[in-house]
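*Asks:* What follows is coords-v7.csv; its format and atoms are CSV, C-alpha atoms.
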```csv
chain,number,residue,atom,x,y,z
A,1330,MET,CA,68.7,91.2,87.3
A,1331,ASN,CA,67.6,91.7,90.8
A,1332,ALA,CA,66.0,89.2,93.2
A,1333,ASN,CA,64.1,91.9,95.0
A,1334,ASN,CA,62.6,93.9,92.1
A,1335,SER,CA,62.5,91.8,89.0
A,1336,ALA,CA,60.7,88.7,87.9
A,1337,PRO,CA,62.7,85.5,87.3
A,1338,LEU,CA,63.6,84.8,83.7
A,1339,ALA,CA,61.2,82.5,81.8
A,1340,VAL,CA,62.6,80.4,78.9
A,1341,LYS,CA,60.1,78.9,76.5
A,1342,SER,CA,60.9,76.0,74.3
A,1343,ASN,CA,60.7,76.9,70.6
A,1344,ALA,CA,62.9,77.1,67.5
A,1345,LYS,CA,64.7,80.2,69.0
A,1346,THR,CA,65.6,78.6,72.3
A,1347,THR,CA,69.3,78.4,71.4
A,1348,LEU,CA,69.3,82.1,70.4
A,1349,HIS,CA,67.6,83.0,73.7
A,1350,LEU,CA,70.3,81.2,75.7
A,1351,GLU,CA,73.1,82.8,73.8
A,1352,ALA,CA,71.5,86.2,74.6
A,1353,PHE,CA,72.0,85.4,78.3
A,1354,HIS,CA,75.8,86.0,77.7
A,1355,LEU,CA,74.9,89.7,77.6
A,1356,LEU,CA,73.5,89.8,81.1
A,1357,ALA,CA,75.4,90.5,84.3
A,1358,THR,CA,73.5,87.9,86.3
A,1359,LEU,CA,74.9,84.4,86.6
A,1360,LEU,CA,72.6,82.1,84.7
A,1361,LEU,CA,72.7,78.3,84.3
A,1362,MET,CA,70.4,75.8,82.7
A,1363,VAL,CA,70.3,72.5,84.5
A,1364,ASP,CA,68.6,69.3,83.4
A,1365,ASP,CA,66.5,67.0,85.6
A,1366,ALA,CA,69.5,64.8,86.3
A,1367,GLY,CA,71.3,67.8,87.8
A,1368,VAL,CA,73.7,68.3,84.9
A,1369,VAL,CA,74.6,71.8,83.7
A,1370,VAL,CA,73.6,72.2,80.0
A,1371,PHE,CA,74.3,75.9,79.7
A,1372,ALA,CA,76.3,78.6,81.6
A,1373,ASN,CA,76.5,82.2,80.5
A,1374,ALA,CA,79.6,84.4,80.3
A,1375,ALA,CA,79.0,86.0,83.7
A,1376,THR,CA,79.1,82.6,85.3
A,1377,GLN,CA,82.3,81.6,83.5
A,1378,GLU,CA,83.9,84.9,84.6
A,1379,VAL,CA,83.0,84.4,88.3
A,1380,LEU,CA,84.1,80.8,88.4
A,1381,GLY,CA,87.2,81.4,86.4
A,1382,LEU,CA,86.4,78.4,84.2
A,1383,PRO,CA,85.7,78.1,80.5
A,1384,ARG,CA,82.3,77.1,79.3
A,1385,ARG,CA,83.3,73.5,78.4
A,1386,SER,CA,84.5,72.9,82.0
A,1387,ILE,CA,81.2,74.0,83.5
A,1388,GLU,CA,78.7,72.4,81.1
A,1389,GLY,CA,78.4,68.7,81.5
A,1390,GLN,CA,79.2,68.5,85.2
A,1391,LEU,CA,76.8,68.0,88.1
A,1392,PHE,CA,75.5,71.4,89.2
A,1393,GLU,CA,75.5,70.4,92.9
A,1394,LYS,CA,79.3,70.1,92.9
A,1395,LEU,CA,79.5,73.9,92.4
A,1396,PHE,CA,78.1,74.5,95.9
A,1397,LEU,CA,79.0,73.9,99.5
A,1398,GLU,CA,75.4,72.8,100.1
A,1399,PRO,CA,74.7,70.2,97.4
A,1400,GLN,CA,71.6,68.9,99.2
A,1401,LYS,CA,69.9,72.3,98.7
A,1402,ILE,CA,70.6,72.2,95.0
A,1403,THR,CA,69.3,68.6,94.6
A,1404,ALA,CA,66.1,69.4,96.5
A,1405,ALA,CA,65.6,72.6,94.3
A,1406,ILE,CA,66.0,70.6,91.1
A,1407,GLN,CA,63.5,68.0,92.2
A,1408,SER,CA,61.0,70.7,93.4
A,1409,ALA,CA,61.3,72.7,90.2
A,1410,GLY,CA,60.7,69.6,88.1
A,1411,GLN,CA,57.3,69.0,89.7
A,1412,GLU,CA,54.1,70.0,88.0
A,1413,HIS,CA,52.8,73.5,88.9
A,1414,ALA,CA,56.1,74.2,90.6
A,1415,SER,CA,56.7,77.8,91.7
A,1416,VAL,CA,59.8,79.9,91.8
A,1417,LEU,CA,62.2,78.9,94.6
A,1418,ARG,CA,64.6,81.3,96.4
A,1419,PHE,CA,67.3,80.5,98.9
A,1420,ASP,CA,70.9,81.5,99.9
A,1421,ALA,CA,73.9,79.2,99.3
A,1422,HIS,CA,77.6,79.3,98.8
A,1423,LEU,CA,79.1,79.0,95.3
A,1424,LYS,CA,82.6,77.4,95.1
A,1425,ARG,CA,85.1,79.5,93.3
A,1426,SER,CA,88.1,77.3,94.3
A,1427,ALA,CA,89.0,74.6,96.7
A,1428,ALA,CA,89.4,77.3,99.4
A,1429,GLU,CA,87.1,80.1,98.4
A,1430,SER,CA,83.4,80.4,98.1
A,1431,MET,CA,80.9,83.2,97.3
A,1432,PRO,CA,77.6,83.8,99.1
A,1433,VAL,CA,74.8,84.0,96.5
A,1434,HIS,CA,71.1,84.3,96.4
A,1435,VAL,CA,69.7,81.5,94.3
A,1436,VAL,CA,66.5,81.9,92.2
A,1437,VAL,CA,65.2,78.6,90.7
A,1438,SER,CA,62.6,78.9,87.9
A,1439,PRO,CA,60.8,76.1,86.1
A,1440,THR,CA,60.8,76.5,82.3
A,1441,ASP,CA,58.7,75.3,79.4
A,1442,MET,CA,61.7,73.3,78.2
A,1443,GLN,CA,61.1,69.7,79.1
A,1444,GLY,CA,63.3,68.5,81.9
A,1445,GLN,CA,65.3,71.7,82.3
A,1446,VAL,CA,65.5,74.3,85.2
A,1447,LEU,CA,66.9,77.8,85.1
A,1448,PHE,CA,69.1,78.9,88.0
A,1449,GLU,CA,69.9,82.6,88.6
A,1450,LEU,CA,72.8,83.2,91.0
A,1451,LEU,CA,72.9,86.7,92.5
A,1452,PRO,CA,76.2,87.4,94.4
A,1453,LEU,CA,75.2,89.1,97.6
A,1454,GLU,CA,78.1,91.5,97.4
A,1455,GLN,CA,77.1,92.3,93.8
A,1456,GLN,CA,73.5,92.7,94.9
A,1457,ALA,CA,74.5,95.2,97.5
A,1458,ARG,CA,76.6,97.1,94.9
A,1459,LYS,CA,73.8,97.1,92.4
A,1460,GLU,CA,71.4,98.6,95.0
A,1461,ARG,CA,74.0,101.2,95.8
A,1462,GLU,CA,74.4,102.1,92.1
A,1463,ASP,CA,70.6,102.2,91.8
A,1464,ARG,CA,70.4,104.7,94.6
A,1465,ILE,CA,73.1,106.8,93.0
A,1466,LEU,CA,71.2,106.8,89.7
A,1467,ASP,CA,67.9,107.5,91.3
A,1468,GLN,CA,69.4,110.3,93.4
A,1469,ALA,CA,71.0,111.8,90.3
A,1470,GLN,CA,67.8,111.9,88.4
A,1471,ALA,CA,65.9,113.4,91.4
A,1472,ASN,CA,68.7,116.0,91.8
A,1473,LYS,CA,68.5,116.9,88.1
A,1474,GLU,CA,64.8,117.6,88.3
A,1475,LEU,CA,65.1,119.5,91.6
A,1476,ILE,CA,67.9,121.6,90.3
A,1477,ARG,CA,66.1,122.5,87.1
A,1478,ASN,CA,62.9,123.5,88.9
A,1479,LEU,CA,64.6,125.4,91.7
A,1480,ALA,CA,67.0,127.2,89.3
A,1481,HIS,CA,64.2,128.5,87.2
A,1482,GLU,CA,62.1,129.5,90.2
A,1483,ILE,CA,65.1,131.5,91.5
A,1484,LYS,CA,66.2,133.2,88.3
A,1485,ASN,CA,63.1,135.4,87.6
A,1486,PRO,CA,62.8,137.0,91.0
A,1487,LEU,CA,66.6,137.3,91.2
A,1488,GLY,CA,66.6,139.4,88.0
A,1489,GLY,CA,63.9,141.6,89.4
A,1490,ILE,CA,65.8,142.2,92.7
A,1491,ARG,CA,68.9,143.1,90.9
A,1492,GLY,CA,67.1,145.5,88.5
A,1493,ALA,CA,65.3,147.2,91.4
A,1494,ALA,CA,68.5,147.6,93.3
A,1495,GLN,CA,70.1,149.3,90.2
A,1496,LEU,CA,67.2,151.7,89.8
A,1497,LEU,CA,67.3,152.5,93.5
A,1498,GLN,CA,71.0,153.2,93.3
A,1499,MET,CA,70.5,155.8,90.6
A,1500,GLU,CA,68.0,157.7,92.9
A,1501,ILE,CA,70.1,157.6,96.1
A,1502,VAL,CA,72.3,160.5,97.0
A,1503,SER,CA,73.8,159.1,100.2
A,1504,LYS,CA,77.1,157.3,99.7
A,1505,ASP,CA,76.4,154.9,102.6
A,1506,LEU,CA,73.0,153.9,101.1
A,1507,VAL,CA,74.6,153.4,97.7
A,1508,GLU,CA,76.9,150.8,99.3
A,1509,PHE,CA,73.8,148.9,100.5
A,1510,THR,CA,72.4,148.7,97.0
A,1511,GLN,CA,75.8,147.5,95.7
A,1512,VAL,CA,75.7,144.7,98.3
A,1513,ILE,CA,72.3,143.7,96.9
A,1514,ILE,CA,73.6,143.7,93.3
A,1515,ARG,CA,76.8,141.8,94.2
A,1516,GLU,CA,74.9,139.1,96.1
A,1517,ALA,CA,72.3,138.9,93.3
A,1518,ASP,CA,75.2,138.3,90.8
A,1519,ARG,CA,76.7,135.7,93.1
A,1520,LEU,CA,73.4,133.8,93.2
A,1521,GLN,CA,73.0,134.1,89.5
A,1522,THR,CA,76.5,132.5,89.0
A,1523,LEU,CA,75.4,129.7,91.4
A,1524,VAL,CA,72.2,129.1,89.4
A,1525,ASP,CA,74.2,129.1,86.1
A,1526,ARG,CA,76.6,126.5,87.5
A,1527,LEU,CA,73.7,124.3,88.6
A,1528,LEU,CA,72.2,124.5,85.1
A,1529,ALA,CA,75.5,124.1,83.3
A,1530,PRO,CA,75.3,120.3,82.7
A,1531,HIS,CA,71.9,120.7,81.1
A,1532,ARG,CA,72.6,123.8,78.9
A,1533,ARG,CA,75.6,123.1,76.8
A,1534,PRO,CA,75.3,120.6,74.0
A,1535,ARG,CA,77.7,117.8,74.1
A,1536,VAL,CA,80.6,118.0,71.6
A,1537,VAL,CA,81.8,114.4,70.9
A,1538,SER,CA,85.3,113.7,69.6
A,1539,ASP,CA,88.2,111.2,70.1
A,1540,VAL,CA,89.5,111.6,73.6
A,1541,ASN,CA,92.8,110.6,75.0
A,1542,ILE,CA,92.4,110.1,78.8
A,1543,HIS,CA,96.1,110.6,79.5
A,1544,GLU,CA,96.1,114.0,77.8
A,1545,ILE,CA,93.2,114.9,80.2
A,1546,PHE,CA,95.1,113.6,83.2
A,1547,GLU,CA,98.1,115.6,82.2
A,1548,ARG,CA,96.0,118.8,81.9
A,1549,VAL,CA,94.4,118.2,85.2
A,1550,ARG,CA,97.8,117.5,86.8
A,1551,SER,CA,99.2,120.8,85.5
A,1552,LEU,CA,96.2,122.8,86.7
A,1553,ILE,CA,96.4,121.2,90.2
A,1554,LEU,CA,100.1,121.7,90.6
A,1555,ALA,CA,99.8,125.3,89.4
A,1556,GLU,CA,97.4,126.0,92.2
A,1557,PHE,CA,99.2,124.0,94.8
A,1558,PRO,CA,102.9,124.2,93.8
A,1559,LYS,CA,104.4,123.2,97.2
A,1560,GLY,CA,103.7,120.3,99.5
A,1561,LEU,CA,101.7,118.3,97.0
A,1562,LYS,CA,102.8,115.5,94.7
A,1563,VAL,CA,100.5,114.4,91.8
A,1564,GLN,CA,101.7,110.9,90.8
A,1565,ARG,CA,101.0,109.1,87.5
A,1566,ASP,CA,99.9,105.5,87.3
A,1567,TYR,CA,98.9,105.1,83.7
A,1568,ASP,CA,98.1,102.1,81.5
A,1569,THR,CA,99.5,103.6,78.3
A,1570,SER,CA,97.9,100.9,76.2
A,1571,LEU,CA,94.4,102.4,76.7
A,1572,PRO,CA,92.7,103.4,73.4
A,1573,ASN,CA,91.1,106.7,72.7
A,1574,PHE,CA,87.4,106.8,73.2
A,1575,ARG,CA,84.5,108.9,72.0
A,1576,GLY,CA,83.4,111.6,74.5
A,1577,ASP,CA,83.0,115.2,75.3
A,1578,LEU,CA,86.6,116.5,76.1
A,1579,GLU,CA,85.5,119.5,78.1
A,1580,GLN,CA,83.0,117.5,80.2
A,1581,ILE,CA,85.6,114.8,81.1
A,1582,ILE,CA,88.2,117.4,81.9
A,1583,GLN,CA,85.8,119.3,84.2
A,1584,ALA,CA,84.7,116.1,85.9
A,1585,ILE,CA,88.2,114.9,86.7
A,1586,LEU,CA,89.4,118.4,87.6
A,1587,ASN,CA,86.5,118.8,90.1
A,1588,ILE,CA,87.4,115.5,91.8
A,1589,ALA,CA,91.1,116.3,91.9
A,1590,HIS,CA,90.5,119.8,93.1
A,1591,ASN,CA,88.3,118.5,95.9
A,1592,ALA,CA,91.1,116.1,96.8
A,1593,ALA,CA,93.7,118.8,96.9
A,1594,GLN,CA,91.5,121.0,99.1
A,1595,ALA,CA,91.0,118.1,101.5
A,1596,LEU,CA,94.7,117.7,101.8
A,1597,THR,CA,95.3,121.1,103.4
A,1598,GLU,CA,97.0,119.8,106.5
A,1599,ARG,CA,99.2,117.3,104.6
A,1600,ILE,CA,100.2,120.0,102.1
A,1601,GLU,CA,101.4,122.1,105.0
A,1602,GLN,CA,103.4,119.1,106.2
A,1603,GLY,CA,104.7,118.5,102.7
A,1604,ASP,CA,103.5,114.9,102.3
A,1605,ALA,CA,100.3,115.3,100.4
A,1606,VAL,CA,99.8,112.9,97.5
A,1607,ILE,CA,97.2,112.6,94.7
A,1608,ILE,CA,97.4,109.6,92.4
A,1609,LEU,CA,95.9,109.7,88.9
A,1610,LYS,CA,95.4,106.1,87.8
A,1611,SER,CA,94.1,104.6,84.6
A,1612,ARG,CA,93.2,101.0,83.8
A,1613,VAL,CA,90.9,99.0,81.5
A,1614,ALA,CA,88.1,96.9,83.1
A,1615,ARG,CA,86.9,93.8,81.3
A,1616,GLN,CA,83.5,92.2,81.5
A,1617,ILE,CA,82.3,94.6,84.1
A,1618,SER,CA,78.7,95.5,85.2
A,1619,PHE,CA,77.5,98.9,86.3
A,1620,SER,CA,74.6,101.2,85.8
A,1621,ASN,CA,72.4,98.1,85.3
A,1622,GLN,CA,74.4,97.0,82.2
A,1623,ARG,CA,77.2,94.7,81.4
A,1624,PHE,CA,80.2,96.0,79.3
A,1625,ARG,CA,82.9,94.0,77.6
A,1626,LEU,CA,85.4,96.9,78.1
A,1627,ALA,CA,85.3,100.0,80.2
A,1628,LEU,CA,87.7,102.8,81.2
A,1629,GLU,CA,88.5,102.6,84.9
A,1630,LEU,CA,90.0,105.8,86.3
A,1631,HIS,CA,91.0,106.6,89.8
A,1632,VAL,CA,91.7,109.8,91.7
A,1633,ILE,CA,93.3,108.7,95.0
A,1634,ASP,CA,94.5,110.9,97.8
A,1635,ASN,CA,96.0,110.4,101.3
A,1636,GLY,CA,93.8,112.9,103.0
A,1637,PRO,CA,91.5,112.6,106.1
A,1638,GLY,CA,88.7,110.8,104.3
A,1639,VAL,CA,85.1,111.8,103.5
A,1640,PRO,CA,83.2,112.9,106.7
A,1641,ALA,CA,80.8,110.1,107.7
A,1642,ALA,CA,77.9,112.6,107.9
A,1643,ILE,CA,78.0,113.2,104.1
A,1644,LYS,CA,79.1,109.8,102.7
A,1645,ASP,CA,75.7,108.8,101.5
A,1646,ARG,CA,75.0,112.3,100.1
A,1647,LEU,CA,78.4,113.0,98.6
A,1648,PHE,CA,77.1,113.6,95.0
A,1649,SER,CA,74.1,115.6,96.0
A,1650,PRO,CA,74.1,119.3,95.1
A,1651,LEU,CA,75.0,121.8,97.8
A,1652,VAL,CA,76.6,119.1,100.0
A,1653,SER,CA,80.1,119.9,101.0
A,1654,GLY,CA,82.5,118.7,103.7
A,1655,ARG,CA,84.5,121.9,103.6
A,1656,ASP,CA,83.7,125.3,105.1
A,1657,GLY,CA,82.9,127.7,102.3
A,1658,GLY,CA,82.5,125.0,99.7
A,1659,SER,CA,79.6,125.3,97.2
A,1660,GLY,CA,78.9,121.5,97.1
A,1661,LEU,CA,78.6,121.5,93.3
A,1662,GLY,CA,81.8,120.1,92.1
A,1663,LEU,CA,81.1,116.4,92.7
A,1664,ASN,CA,77.5,116.8,91.6
A,1665,LEU,CA,78.6,118.3,88.3
A,1666,ALA,CA,81.3,115.6,87.9
A,1667,GLN,CA,78.7,112.8,88.4
A,1668,SER,CA,76.3,114.5,85.9
A,1669,PHE,CA,79.0,114.8,83.2
A,1670,ILE,CA,80.1,111.2,83.6
A,1671,GLN,CA,76.6,109.9,83.6
A,1672,GLN,CA,76.1,111.7,80.3
A,1673,HIS,CA,78.8,109.3,79.0
A,1674,HIS,CA,76.7,106.3,80.4
A,1675,GLY,CA,79.3,106.0,83.2
A,1676,LEU,CA,79.4,106.2,87.0
A,1677,ILE,CA,81.5,107.7,89.8
A,1678,GLU,CA,81.9,105.7,93.0
A,1679,CYS,CA,83.8,106.6,96.2
A,1680,GLU,CA,85.5,104.5,98.8
A,1681,SER,CA,87.0,106.4,101.7
A,1682,ILE,CA,88.8,105.7,104.9
A,1683,LYS,CA,91.2,107.8,106.9
A,1684,GLY,CA,94.4,108.2,104.9
A,1685,ARG,CA,92.9,107.0,101.6
A,1686,THR,CA,90.0,108.3,99.5
A,1687,ASP,CA,89.5,106.7,96.1
A,1688,PHE,CA,87.1,108.1,93.5
A,1689,LYS,CA,86.6,105.5,90.8
A,1690,ILE,CA,85.3,106.7,87.4
A,1691,LEU,CA,83.8,104.0,85.0
A,1692,ILE,CA,83.1,104.9,81.4
A,1693,PRO,CA,82.1,102.1,78.9
A,1694,LEU,CA,84.2,101.6,75.9
A,1695,GLN,CA,82.3,98.6,74.4
```
For this file, write the structure as structure tokens.

*Replies:*
Amino acid sequence: MNANNSAPLAVKSNAKTTLHLEAFHLLATLLLMVDDAGVVVFANAATQEVLGLPRRSIEGQLFEKLFLEPQKITAAIQSAGQEHASVLRFDAHLKRSAAESMPVHVVVSPTDMQGQVLFELLPLEQQARKEREDRILDQAQANKELIRNLAHEIKNPLGGIRGAAQLLQMEIVSKDLVEFTQVIIREADRLQTLVDRLLAPHRRPRVVSDVNIHEIFERVRSLILAEFPKGLKVQRDYDTSLPNFRGDLEQIIQAILNIAHNAAQALTERIEQGDAVIILKSRVARQISFSNQRFRLALELHVIDNGPGVPAAIKDRLFSPLVSGRDGGSGLGLNLAQSFIQQHHGLIECESIKGRTDFKILIPLQ
């Protein structure tokens, strides 16, 4: 639910009204139904989670008491109850405790249910996060189409160039000129490998099986320590109660390995100093919203390093193909990781400051 790009919810009074209201528990938006006396008659699961209160403690109380600006709420209820009332929007502060409040954008919609008004509360922080996730998803889709089209446009002429260089090499007598044709062939092969890597997420069919995330973490840890045996610690912070989940083992391994490998490469200076650290962390997230959906349970994985942080110039393009903060980097690792996780209906986010970069991977379980 988004105040900027979606219409307010409309609830019609009929025999299925109760069922409609119960369906609101599946939405990430905070939704409350309020009667014309200002009393809450329904609060969905997202509202209960944010307020930290059970449903019975919210329903039956005056709605205005949940806000720092009760006069705004009273005026909104009165306006929404008038004939031909239109949708109202304003910002307010929702009380979460005696000392804490949350800024929200309030959308007030009249309904066909006599004497009842629908309130949608959009946390401004959550709204900003949703917009960021939307950008990531839109960017990923645009990147996918661009990569496919570009890769296919490159492949055909590339094969012709390589074939022509091989024929030319067979006709040349001069050893020096043969070396030039070998350069052409090698570079054509290198570009072919690059194109194959770009197309990799879209070629191989997914092989779904039961996956243990800690077995994946241990495999990634072994690979990283084998490549960087000195000056780097890879610490474990596991929730061992996490269940197995259905997924493509090779894709998940490759995604986490790409992120961990990037982290290790960013730690070059600290590795030389002997104090480089990567943390592999696993948790379960409950009642979480991402990728425009709400999930009861999700796998929350972190790859955290104590490196210099992501360069500001590429923060907003971190998961785009061919974008790298390292000299000589292909800029494909994070793009492939995001593609693999998105194929599991998940998402990768990154928070980075100097001394701490945290790549968070979310994969829905239920």

*Asks:* Counting all atoms listed in the file, which residues in stretch 1476-1588 of chain A sit no more than 9 Å from stretch 1606-1629 of chain A? For each one, give the nearest pair of atoms and the distance in Å, sorted by chain then residue number, as CSV.

*Replies:*
```
residue,atom,partner,partner_atom,distance
A:Ile1542,CA,A:Ser1611,CA,8.2
A:His1543,CA,A:Ser1611,CA,8.1
A:Phe1546,CA,A:Leu1609,CA,7.0
A:Arg1550,CA,A:Leu1609,CA,8.3
A:Gly1560,CA,A:Val1606,CA,8.6
A:Leu1561,CA,A:Val1606,CA,5.7
A:Lys1562,CA,A:Val1606,CA,4.9
A:Val1563,CA,A:Ile1607,CA,4.7
A:Gln1564,CA,A:Ile1608,CA,4.8
A:Arg1565,CA,A:Leu1609,CA,5.3
A:Asp1566,CA,A:Lys1610,CA,4.6
A:Tyr1567,CA,A:Ser1611,CA,4.9
A:Asp1568,CA,A:Arg1612,CA,5.5
A:Thr1569,CA,A:Ser1611,CA,8.4
A:Ser1570,CA,A:Arg1612,CA,8.9
A:Leu1571,CA,A:Val1613,CA,6.8
A:Phe1574,CA,A:Leu1628,CA,8.9
```

*Asks:* Could you tell me how far atom CA of A:Ile1643 lies from atom CA of A:Glu1678, in Å and to one decimal?

*Replies:*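 Between these atoms lies a distance of 14.0 Å.
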
*Asks:* With 8 Å of padding per side, what axis-aligned box (centre and edge lengths, Å, one decimal) covers all the listed atoms of stretch 1442-1448 of chain A? Give it as AutoDock Vina command-line options.

*Replies:*
```
--center_x 65.1 --center_y 73.7 --center_z 83.1 --size_x 24.0 --size_y 26.4 --size_z 25.8
```

*Asks:* Which value, in Å to one decimal, gives the distance between atom CA of A:Gln1667 and atom CA of A:Ile1585?

*Replies:* 9.9 Å

*Asks:* Would you work out the distance separating atom CA of A:Thr1686 from atom CA of A:Ile1553, expressed in Å to one decimal?

*Replies:*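 Atom-to-atom, atom CA of A:Thr1686 and atom CA of A:Ile1553 are spaced 17.1 Å apart.
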
*Asks:* So, with all atoms listed in the file as the atoms that count, which of A:Ala1593, A:Leu1451, A:Ile1633, A:Ile1406 lies closest to A:Thr1376?

*Replies:*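 Going through A:Ala1593, A:Leu1451, A:Ile1633, A:Ile1406 one by one, the smallest distance to A:Thr1376 is for A:Leu1451.
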
*Asks:* Restricting the calculation to all atoms listed in the file: of A:Val1524, A:Met1442, A:Ile1582, A:Ala1366, which residue gets closest to A:Glu1482?

*Replies:*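 When distances to A:Glu1482 are compared using all atoms listed in the file, the smallest one comes from A:Val1524.
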
*Asks:* Within 7 Å of A:Ala1494, counting only C-alpha atoms, which residues qualify if same-chain residues fewer than 6 places away don't, as a list in words?

*Replies:*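 Residues meeting the cut-off are Thr1510, Ile1513 and Ile1514 of chain A.
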
*Asks:* Using only C-alpha atoms, give me every residue within 10 Å of (66.7, 81.1, 101.2) in file coordinates, as an MDAnalysis selection string.

*Replies:* chainID A and resid 1401 1417:1421 1433:1436

*Asks:* Could you write out that same residue set with C-alpha atoms as a PDB file, in the coordinates of the input?

*Replies:*
```pdb
ATOM      1  CA  LYS A1401      69.900  72.300  98.700  1.00  0.00           C
ATOM      2  CA  LEU A1417      62.200  78.900  94.600  1.00  0.00           C
ATOM      3  CA  ARG A1418      64.600  81.300  96.400  1.00  0.00           C
ATOM      4  CA  PHE A1419      67.300  80.500  98.900  1.00  0.00           C
ATOM      5  CA  ASP A1420      70.900  81.500  99.900  1.00  0.00           C
ATOM      6  CA  ALA A1421      73.900  79.200  99.300  1.00  0.00           C
ATOM      7  CA  VAL A1433      74.800  84.000  96.500  1.00  0.00           C
ATOM      8  CA  HIS A1434      71.100  84.300  96.400  1.00  0.00           C
ATOM      9  CA  VAL A1435      69.700  81.500  94.300  1.00  0.00           C
ATOM     10  CA  VAL A1436      66.500  81.900  92.200  1.00  0.00           C
TER      11      VAL A1436
END
```

*Asks:* Just checking: using only C-alpha atoms, which residue out of A:Ala1428, A:Val1536, A:Val1437, A:Leu1380 ends up closest to A:Val1363?

*Replies:* A:Val1437

*Asks:* Which residue, A:Leu1423, A:Cys1679, A:Val1502, A:Ala1409, has the smallest gap to A:Gln1443 when you use all atoms listed in the file?

*Replies:*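 Residue with the minimum atom-to-atom distance to A:Gln1443: A:Ala1409.
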
*Asks:* Considering only C-alpha atoms, state which residue in the set A:Arg1384, A:Lys1644, A:Arg1575, A:His1590 is at the smallest distance from A:Leu1694.

*Replies:*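 The answer is A:Arg1575, which sits nearest to A:Leu1694.
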
*Asks:* With all atoms listed in the file as the basis for distance, which of A:Gln1411, A:Ser1668, A:Thr1522, A:Asn1373 is at the shortest distance from A:Ala1584?

*Replies:*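 Answer, going by the shortest atom-to-atom distance: A:Ser1668.
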
*Asks:* Set the distance at 12 Å and use all atoms listed in the file: which residues neighbour A:Ile1682 once local chain neighbours fewer than 6 positions away are removed? I'd like the list as a VMD selection string.

*Replies:* chain A and resid 1633 to 1641 1644 1688

*Asks:* Save out the residues we just selected, C-alpha atoms, as a PDB file, in the coordinates of the input.

*Replies:*
```pdb
ATOM      1  CA  ILE A1633      93.300 108.700  95.000  1.00  0.00           C
ATOM      2  CA  ASP A1634      94.500 110.900  97.800  1.00  0.00           C
ATOM      3  CA  ASN A1635      96.000 110.400 101.300  1.00  0.00           C
ATOM      4  CA  GLY A1636      93.800 112.900 103.000  1.00  0.00           C
ATOM      5  CA  PRO A1637      91.500 112.600 106.100  1.00  0.00           C
ATOM      6  CA  GLY A1638      88.700 110.800 104.300  1.00  0.00           C
ATOM      7  CA  VAL A1639      85.100 111.800 103.500  1.00  0.00           C
ATOM      8  CA  PRO A1640      83.200 112.900 106.700  1.00  0.00           C
ATOM      9  CA  ALA A1641      80.800 110.100 107.700  1.00  0.00           C
ATOM     10  CA  LYS A1644      79.100 109.800 102.700  1.00  0.00           C
ATOM     11  CA  PHE A1688      87.100 108.100  93.500  1.00  0.00           C
TER      12      PHE A1688
END
```

*Asks:* Write out as a ChimeraX atom specification each polymer residue whose atoms come within 12 Å of A:Arg1385, counting all atoms listed in the file; drop sequence neighbours fewer than 5 positions from it.

*Replies:* /A:1369-1374,1377,1390

*Asks:* Since fewer atoms than expected are present, regenerate N, CA and C atoms for stretch 1661-1671 of chain A and write them as a compact mmCIF listing (two decimals), in the frame of the given file.

*Replies:*
```txt
# COMPACT_ATOMS: atom_id res chain seq x y z
N LEU A 1661 79.00 121.80 94.72
CA LEU A 1661 78.60 121.50 93.30
C LEU A 1661 79.55 120.71 92.54
N GLY A 1662 80.81 120.69 92.95
CA GLY A 1662 81.80 120.10 92.10
C GLY A 1662 81.58 118.59 91.86
N LEU A 1663 81.29 117.80 92.89
CA LEU A 1663 81.10 116.40 92.70
C LEU A 1663 79.75 116.09 92.01
N ASN A 1664 78.76 116.92 92.29
CA ASN A 1664 77.50 116.80 91.60
C ASN A 1664 77.61 116.96 90.11
N LEU A 1665 78.35 118.00 89.72
CA LEU A 1665 78.60 118.30 88.30
C LEU A 1665 79.41 117.14 87.68
N ALA A 1666 80.43 116.66 88.41
CA ALA A 1666 81.30 115.60 87.90
C ALA A 1666 80.41 114.33 87.62
N GLN A 1667 79.55 113.97 88.57
CA GLN A 1667 78.70 112.80 88.40
C GLN A 1667 77.76 113.01 87.17
N SER A 1668 77.22 114.21 87.02
CA SER A 1668 76.30 114.50 85.90
C SER A 1668 77.06 114.33 84.57
N PHE A 1669 78.27 114.87 84.48
CA PHE A 1669 79.00 114.80 83.20
C PHE A 1669 79.38 113.32 82.89
N ILE A 1670 79.78 112.55 83.90
CA ILE A 1670 80.10 111.20 83.60
C ILE A 1670 78.90 110.34 83.29
N GLN A 1671 77.79 110.61 83.92
CA GLN A 1671 76.60 109.90 83.60
C GLN A 1671 76.10 110.19 82.17
```
